[in-house]
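Taking it in order: structure first as structure tokens, then the write-up.
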Amino acid sequence: MNCQLLVAALRRCRRIEVVARATSSEQILAETRISQPSVALIGANLQDGSLTGFEVIRRLRELHPRIRAVLLLDSADRASVIDAFRAGAKGIFSRDDSLGDLCQCIQNVHAGQTWASSEQIEAVLEVFARIAPLFLPDKAKIPLSEREREVAELVAEGLSNREISEQLKLSQHTVKNYLFHIYGKLGMSSRVDLVLHVRSANRTSSEEPANPEKQA
């Protein structure tokens, strides 16, 4: 019933076409294989079990990496948000939020952006800051070029590839090439990783003393 109501509501949103609906893990995987949607809105709790939506997102990332997933949470607590991004979600949405925001969330994720509240991003940043030294290479050995830093900063601001290309007066193909090189230099594989890395680096820089020499 919840699924039917949600589909009916989404069909009233402009620029959104509902191509399939399902209520269990296997049904979702089967429908996405057939319809190949741009965005999959997946509930954390499905018909075949509590929290099975997290595993569905992991499998979608492996089987259909082009499909961008939004996880629909009953409660957007810290642990669930972190697990959602670890699973591969590109957006986090709470059932307490408005339908209008959900339509905007889906459109933004479709455009290549990440959707989460500032509190949710902060929670992930704290975890990322603790584990970053374990998998990030020595940035001093592989520095980003000035243009690559510009692209990375705009990604962290939530701009899509098209918006970045317009702002920097580059083709979208060139922007994609820059992102490819940025991911390689930083040892990353997704836009979410880059967003968290840039925001964490910016926050660390803002917390450093203005004149370190006086600290000696």
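Ordering of the structure tokens sets the chain letters (A, B, ...); residue numbers start at 1 within each chain; ligands are numbered from 1 in the order shown.
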Taking only residues of stretch 34-83 of chain A that have an atom at most 10 Å from an atom of stretch 107-126 of chain A, what is each one's shortest atom pair and its distance in Å to one decimal, using only C-alpha atoms, in chain and number order, as a Markdown table?
| residue | atom | partner | partner_atom | distance |
| --- | --- | --- | --- | --- |
| A:Pro37 | CA | A:His110 | CA | 9.9 |
| A:Ser38 | CA | A:His110 | CA | 6.4 |
| A:Val39 | CA | A:His110 | CA | 6.1 |
| A:Ala40 | CA | A:His110 | CA | 9.7 |
| A:Ile67 | CA | A:His110 | CA | 9.0 |
| A:Arg68 | CA | A:Val109 | CA | 6.9 |
| A:Ala69 | CA | A:Val109 | CA | 8.1 |
| A:Val70 | CA | A:Val109 | CA | 7.8 |
| A:Ala76 | CA | A:Gln120 | CA | 8.1 |
| A:Asp77 | CA | A:Gln120 | CA | 8.5 |
| A:Arg78 | CA | A:Ala123 | CA | 6.3 |
| A:Ala79 | CA | A:Ala123 | CA | 8.7 |
| A:Ser80 | CA | A:Gln120 | CA | 9.8 |
| A:Val81 | CA | A:Gln120 | CA | 6.5 |
| A:Ile82 | CA | A:Val124 | CA | 5.7 |
| A:Asp83 | CA | A:Val124 | CA | 9.4 |
Among stretch 60-149 of chain A, which ones does DSSP place in helix (DSSP H, G or I), written as a PDB file with N, CA and C atoms, in the first residue's frame?
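The resulting file, part.pdb, is shown below:
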ATOM      1  N   LEU A  60      22.762  -3.379  -6.599  1.00  0.00           N
ATOM      2  CA  LEU A  60      22.537  -2.512  -7.748  1.00  0.00           C
ATOM      3  C   LEU A  60      23.840  -1.837  -8.183  1.00  0.00           C
ATOM      4  N   ARG A  61      24.631  -1.435  -7.213  1.00  0.00           N
ATOM      5  CA  ARG A  61      25.907  -0.788  -7.540  1.00  0.00           C
ATOM      6  C   ARG A  61      26.809  -1.742  -8.311  1.00  0.00           C
ATOM      7  N   GLU A  62      26.761  -3.022  -7.964  1.00  0.00           N
ATOM      8  CA  GLU A  62      27.585  -4.014  -8.651  1.00  0.00           C
ATOM      9  C   GLU A  62      27.021  -4.393 -10.019  1.00  0.00           C
ATOM     10  N   LEU A  63      25.693  -4.570 -10.086  1.00  0.00           N
ATOM     11  CA  LEU A  63      25.067  -5.066 -11.310  1.00  0.00           C
ATOM     12  C   LEU A  63      24.747  -3.962 -12.312  1.00  0.00           C
ATOM     13  N   ARG A  78      22.119   8.535  12.532  1.00  0.00           N
ATOM     14  CA  ARG A  78      23.512   8.631  12.099  1.00  0.00           C
ATOM     15  C   ARG A  78      24.023   7.327  11.479  1.00  0.00           C
ATOM     16  N   ALA A  79      23.791   6.210  12.145  1.00  0.00           N
ATOM     17  CA  ALA A  79      24.302   4.926  11.665  1.00  0.00           C
ATOM     18  C   ALA A  79      23.686   4.551  10.325  1.00  0.00           C
ATOM     19  N   SER A  80      22.381   4.788  10.157  1.00  0.00           N
ATOM     20  CA  SER A  80      21.707   4.442   8.911  1.00  0.00           C
ATOM     21  C   SER A  80      22.227   5.290   7.752  1.00  0.00           C
ATOM     22  N   VAL A  81      22.469   6.571   8.015  1.00  0.00           N
ATOM     23  CA  VAL A  81      22.977   7.466   6.971  1.00  0.00           C
ATOM     24  C   VAL A  81      24.354   7.006   6.506  1.00  0.00           C
ATOM     25  N   ILE A  82      25.225   6.690   7.450  1.00  0.00           N
ATOM     26  CA  ILE A  82      26.587   6.252   7.109  1.00  0.00           C
ATOM     27  C   ILE A  82      26.536   4.940   6.334  1.00  0.00           C
ATOM     28  N   ASP A  83      25.711   3.990   6.787  1.00  0.00           N
ATOM     29  CA  ASP A  83      25.594   2.703   6.105  1.00  0.00           C
ATOM     30  C   ASP A  83      25.020   2.873   4.698  1.00  0.00           C
ATOM     31  N   ALA A  84      24.122   3.838   4.534  1.00  0.00           N
ATOM     32  CA  ALA A  84      23.514   4.070   3.225  1.00  0.00           C
ATOM     33  C   ALA A  84      24.563   4.520   2.208  1.00  0.00           C
ATOM     34  N   PHE A  85      25.409   5.460   2.595  1.00  0.00           N
ATOM     35  CA  PHE A  85      26.446   5.928   1.677  1.00  0.00           C
ATOM     36  C   PHE A  85      27.490   4.842   1.439  1.00  0.00           C
ATOM     37  N   ARG A  86      27.798   4.074   2.468  1.00  0.00           N
ATOM     38  CA  ARG A  86      28.726   2.960   2.280  1.00  0.00           C
ATOM     39  C   ARG A  86      28.170   1.949   1.285  1.00  0.00           C
ATOM     40  N   ALA A  87      26.863   1.746   1.316  1.00  0.00           N
ATOM     41  CA  ALA A  87      26.233   0.789   0.406  1.00  0.00           C
ATOM     42  C   ALA A  87      26.253   1.279  -1.034  1.00  0.00           C
ATOM     43  N   LEU A  99       6.835  15.628   0.148  1.00  0.00           N
ATOM     44  CA  LEU A  99       6.845  15.045  -1.177  1.00  0.00           C
ATOM     45  C   LEU A  99       7.540  15.966  -2.172  1.00  0.00           C
ATOM     46  N   GLY A 100       7.335  17.272  -2.006  1.00  0.00           N
ATOM     47  CA  GLY A 100       7.994  18.220  -2.887  1.00  0.00           C
ATOM     48  C   GLY A 100       9.503  18.094  -2.824  1.00  0.00           C
ATOM     49  N   ASP A 101      10.017  17.898  -1.629  1.00  0.00           N
ATOM     50  CA  ASP A 101      11.460  17.713  -1.471  1.00  0.00           C
ATOM     51  C   ASP A 101      11.907  16.402  -2.104  1.00  0.00           C
ATOM     52  N   LEU A 102      11.057  15.370  -2.054  1.00  0.00           N
ATOM     53  CA  LEU A 102      11.417  14.092  -2.650  1.00  0.00           C
ATOM     54  C   LEU A 102      11.553  14.230  -4.167  1.00  0.00           C
ATOM     55  N   CYS A 103      10.637  14.962  -4.783  1.00  0.00           N
ATOM     56  CA  CYS A 103      10.732  15.190  -6.229  1.00  0.00           C
ATOM     57  C   CYS A 103      12.035  15.907  -6.562  1.00  0.00           C
ATOM     58  N   GLN A 104      12.395  16.912  -5.761  1.00  0.00           N
ATOM     59  CA  GLN A 104      13.640  17.634  -5.999  1.00  0.00           C
ATOM     60  C   GLN A 104      14.842  16.742  -5.769  1.00  0.00           C
ATOM     61  N   CYS A 105      14.756  15.888  -4.753  1.00  0.00           N
ATOM     62  CA  CYS A 105      15.832  14.936  -4.460  1.00  0.00           C
ATOM     63  C   CYS A 105      16.089  14.037  -5.662  1.00  0.00           C
ATOM     64  N   ILE A 106      15.038  13.469  -6.222  1.00  0.00           N
ATOM     65  CA  ILE A 106      15.184  12.560  -7.360  1.00  0.00           C
ATOM     66  C   ILE A 106      15.771  13.290  -8.559  1.00  0.00           C
ATOM     67  N   GLN A 107      15.309  14.505  -8.818  1.00  0.00           N
ATOM     68  CA  GLN A 107      15.818  15.273  -9.954  1.00  0.00           C
ATOM     69  C   GLN A 107      17.290  15.620  -9.773  1.00  0.00           C
ATOM     70  N   ASN A 108      17.681  15.994  -8.549  1.00  0.00           N
ATOM     71  CA  ASN A 108      19.080  16.345  -8.298  1.00  0.00           C
ATOM     72  C   ASN A 108      19.988  15.127  -8.441  1.00  0.00           C
ATOM     73  N   VAL A 109      19.557  13.993  -7.902  1.00  0.00           N
ATOM     74  CA  VAL A 109      20.353  12.773  -8.011  1.00  0.00           C
ATOM     75  C   VAL A 109      20.459  12.352  -9.478  1.00  0.00           C
ATOM     76  N   HIS A 110      19.383  12.501 -10.216  1.00  0.00           N
ATOM     77  CA  HIS A 110      19.410  12.194 -11.649  1.00  0.00           C
ATOM     78  C   HIS A 110      20.420  13.074 -12.375  1.00  0.00           C
ATOM     79  N   SER A 118      22.578  18.837   5.736  1.00  0.00           N
ATOM     80  CA  SER A 118      23.890  19.231   6.249  1.00  0.00           C
ATOM     81  C   SER A 118      24.282  18.388   7.455  1.00  0.00           C
ATOM     82  N   GLU A 119      23.298  18.015   8.284  1.00  0.00           N
ATOM     83  CA  GLU A 119      23.596  17.179   9.448  1.00  0.00           C
ATOM     84  C   GLU A 119      24.063  15.785   9.016  1.00  0.00           C
ATOM     85  N   GLN A 120      23.436  15.249   7.977  1.00  0.00           N
ATOM     86  CA  GLN A 120      23.826  13.931   7.486  1.00  0.00           C
ATOM     87  C   GLN A 120      25.217  13.959   6.872  1.00  0.00           C
ATOM     88  N   ILE A 121      25.528  15.021   6.132  1.00  0.00           N
ATOM     89  CA  ILE A 121      26.868  15.166   5.556  1.00  0.00           C
ATOM     90  C   ILE A 121      27.909  15.269   6.662  1.00  0.00           C
ATOM     91  N   GLU A 122      27.599  16.018   7.713  1.00  0.00           N
ATOM     92  CA  GLU A 122      28.529  16.164   8.835  1.00  0.00           C
ATOM     93  C   GLU A 122      28.825  14.820   9.488  1.00  0.00           C
ATOM     94  N   ALA A 123      27.794  13.996   9.640  1.00  0.00           N
ATOM     95  CA  ALA A 123      27.982  12.677  10.247  1.00  0.00           C
ATOM     96  C   ALA A 123      28.931  11.831   9.419  1.00  0.00           C
ATOM     97  N   VAL A 124      28.759  11.865   8.091  1.00  0.00           N
ATOM     98  CA  VAL A 124      29.630  11.088   7.216  1.00  0.00           C
ATOM     99  C   VAL A 124      31.035  11.666   7.205  1.00  0.00           C
ATOM    100  N   LEU A 125      31.147  12.993   7.256  1.00  0.00           N
ATOM    101  CA  LEU A 125      32.459  13.642   7.261  1.00  0.00           C
ATOM    102  C   LEU A 125      33.296  13.218   8.465  1.00  0.00           C
ATOM    103  N   GLU A 126      32.638  13.099   9.609  1.00  0.00           N
ATOM    104  CA  GLU A 126      33.371  12.709  10.820  1.00  0.00           C
ATOM    105  C   GLU A 126      33.964  11.315  10.659  1.00  0.00           C
ATOM    106  N   VAL A 127      33.177  10.405  10.093  1.00  0.00           N
ATOM    107  CA  VAL A 127      33.675   9.048   9.862  1.00  0.00           C
ATOM    108  C   VAL A 127      34.768   9.067   8.810  1.00  0.00           C
ATOM    109  N   PHE A 128      34.550   9.800   7.744  1.00  0.00           N
ATOM    110  CA  PHE A 128      35.517   9.875   6.649  1.00  0.00           C
ATOM    111  C   PHE A 128      36.854  10.424   7.144  1.00  0.00           C
ATOM    112  N   ALA A 129      36.807  11.433   8.008  1.00  0.00           N
ATOM    113  CA  ALA A 129      38.041  12.031   8.511  1.00  0.00           C
ATOM    114  C   ALA A 129      38.860  11.021   9.317  1.00  0.00           C
ATOM    115  N   ARG A 130      38.163  10.087   9.986  1.00  0.00           N
ATOM    116  CA  ARG A 130      38.875   9.104  10.803  1.00  0.00           C
ATOM    117  C   ARG A 130      39.500   8.009   9.953  1.00  0.00           C
ATOM    118  N   ILE A 131      38.820   7.640   8.844  1.00  0.00           N
ATOM    119  CA  ILE A 131      39.327   6.518   8.063  1.00  0.00           C
ATOM    120  C   ILE A 131      40.122   6.949   6.836  1.00  0.00           C
ATOM    121  N   ALA A 132      40.083   8.248   6.512  1.00  0.00           N
ATOM    122  CA  ALA A 132      40.750   8.722   5.288  1.00  0.00           C
ATOM    123  C   ALA A 132      42.207   8.298   5.183  1.00  0.00           C
ATOM    124  N   PRO A 133      43.039   8.389   6.239  1.00  0.00           N
ATOM    125  CA  PRO A 133      44.441   7.999   6.089  1.00  0.00           C
ATOM    126  C   PRO A 133      44.642   6.537   5.716  1.00  0.00           C
ATOM    127  N   LEU A 134      43.600   5.705   5.906  1.00  0.00           N
ATOM    128  CA  LEU A 134      43.746   4.289   5.614  1.00  0.00           C
ATOM    129  C   LEU A 134      43.713   3.992   4.123  1.00  0.00           C
ATOM    130  N   PHE A 135      43.033   4.852   3.328  1.00  0.00           N
ATOM    131  CA  PHE A 135      42.919   4.519   1.914  1.00  0.00           C
ATOM    132  C   PHE A 135      43.274   5.652   0.967  1.00  0.00           C
ATOM    133  N   GLU A 146      45.498  23.031 -10.971  1.00  0.00           N
ATOM    134  CA  GLU A 146      44.597  24.113 -10.568  1.00  0.00           C
ATOM    135  C   GLU A 146      43.200  23.885 -11.123  1.00  0.00           C
ATOM    136  N   ARG A 147      43.109  23.456 -12.379  1.00  0.00           N
ATOM    137  CA  ARG A 147      41.802  23.212 -12.978  1.00  0.00           C
ATOM    138  C   ARG A 147      41.109  22.025 -12.321  1.00  0.00           C
ATOM    139  N   GLU A 148      41.863  20.994 -11.969  1.00  0.00           N
ATOM    140  CA  GLU A 148      41.286  19.839 -11.284  1.00  0.00           C
ATOM    141  C   GLU A 148      40.742  20.236  -9.916  1.00  0.00           C
ATOM    142  N   ARG A 149      41.468  21.131  -9.229  1.00  0.00           N
ATOM    143  CA  ARG A 149      40.968  21.615  -7.928  1.00  0.00           C
ATOM    144  C   ARG A 149      39.672  22.396  -8.105  1.00  0.00           C
TER     145      ARG A 149
END
May I ask which of the residues A:Met188, A:Val56, A:Leu5, A:Ile164 is the closest one to A:Gln27, counting only C-alpha atoms? A:Val56
Give me the residues near A:Leu73 as a short mmCIF file (atom, residue, chain, number, x, y, z; two decimals) with C-alpha atoms, in the first residue's frame, where near means some atom within 9 Å (using only C-alpha atoms) and where sequence neighbours in that chain fewer than 6 positions away do not count.
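Here's the written file part_0.cif:
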data_model
loop_
_atom_site.label_atom_id
_atom_site.label_comp_id
_atom_site.auth_asym_id
_atom_site.auth_seq_id
_atom_site.Cartn_x
_atom_site.Cartn_y
_atom_site.Cartn_z
CA ILE A 42 14.46 2.12 -2.48
CA GLY A 43 12.98 1.75 0.98
CA ALA A 44 15.30 0.60 3.75
CA ASN A 45 12.69 -1.94 4.87
CA SER A 80 21.71 4.44 8.91
CA VAL A 81 22.98 7.47 6.97
CA ILE A 92 19.23 9.96 1.52
CA PHE A 93 15.59 10.79 2.12
CA SER A 94 13.51 10.55 5.29
CA ARG A 95 9.82 9.68 5.23
CA ASP A 96 9.25 12.71 7.47
#
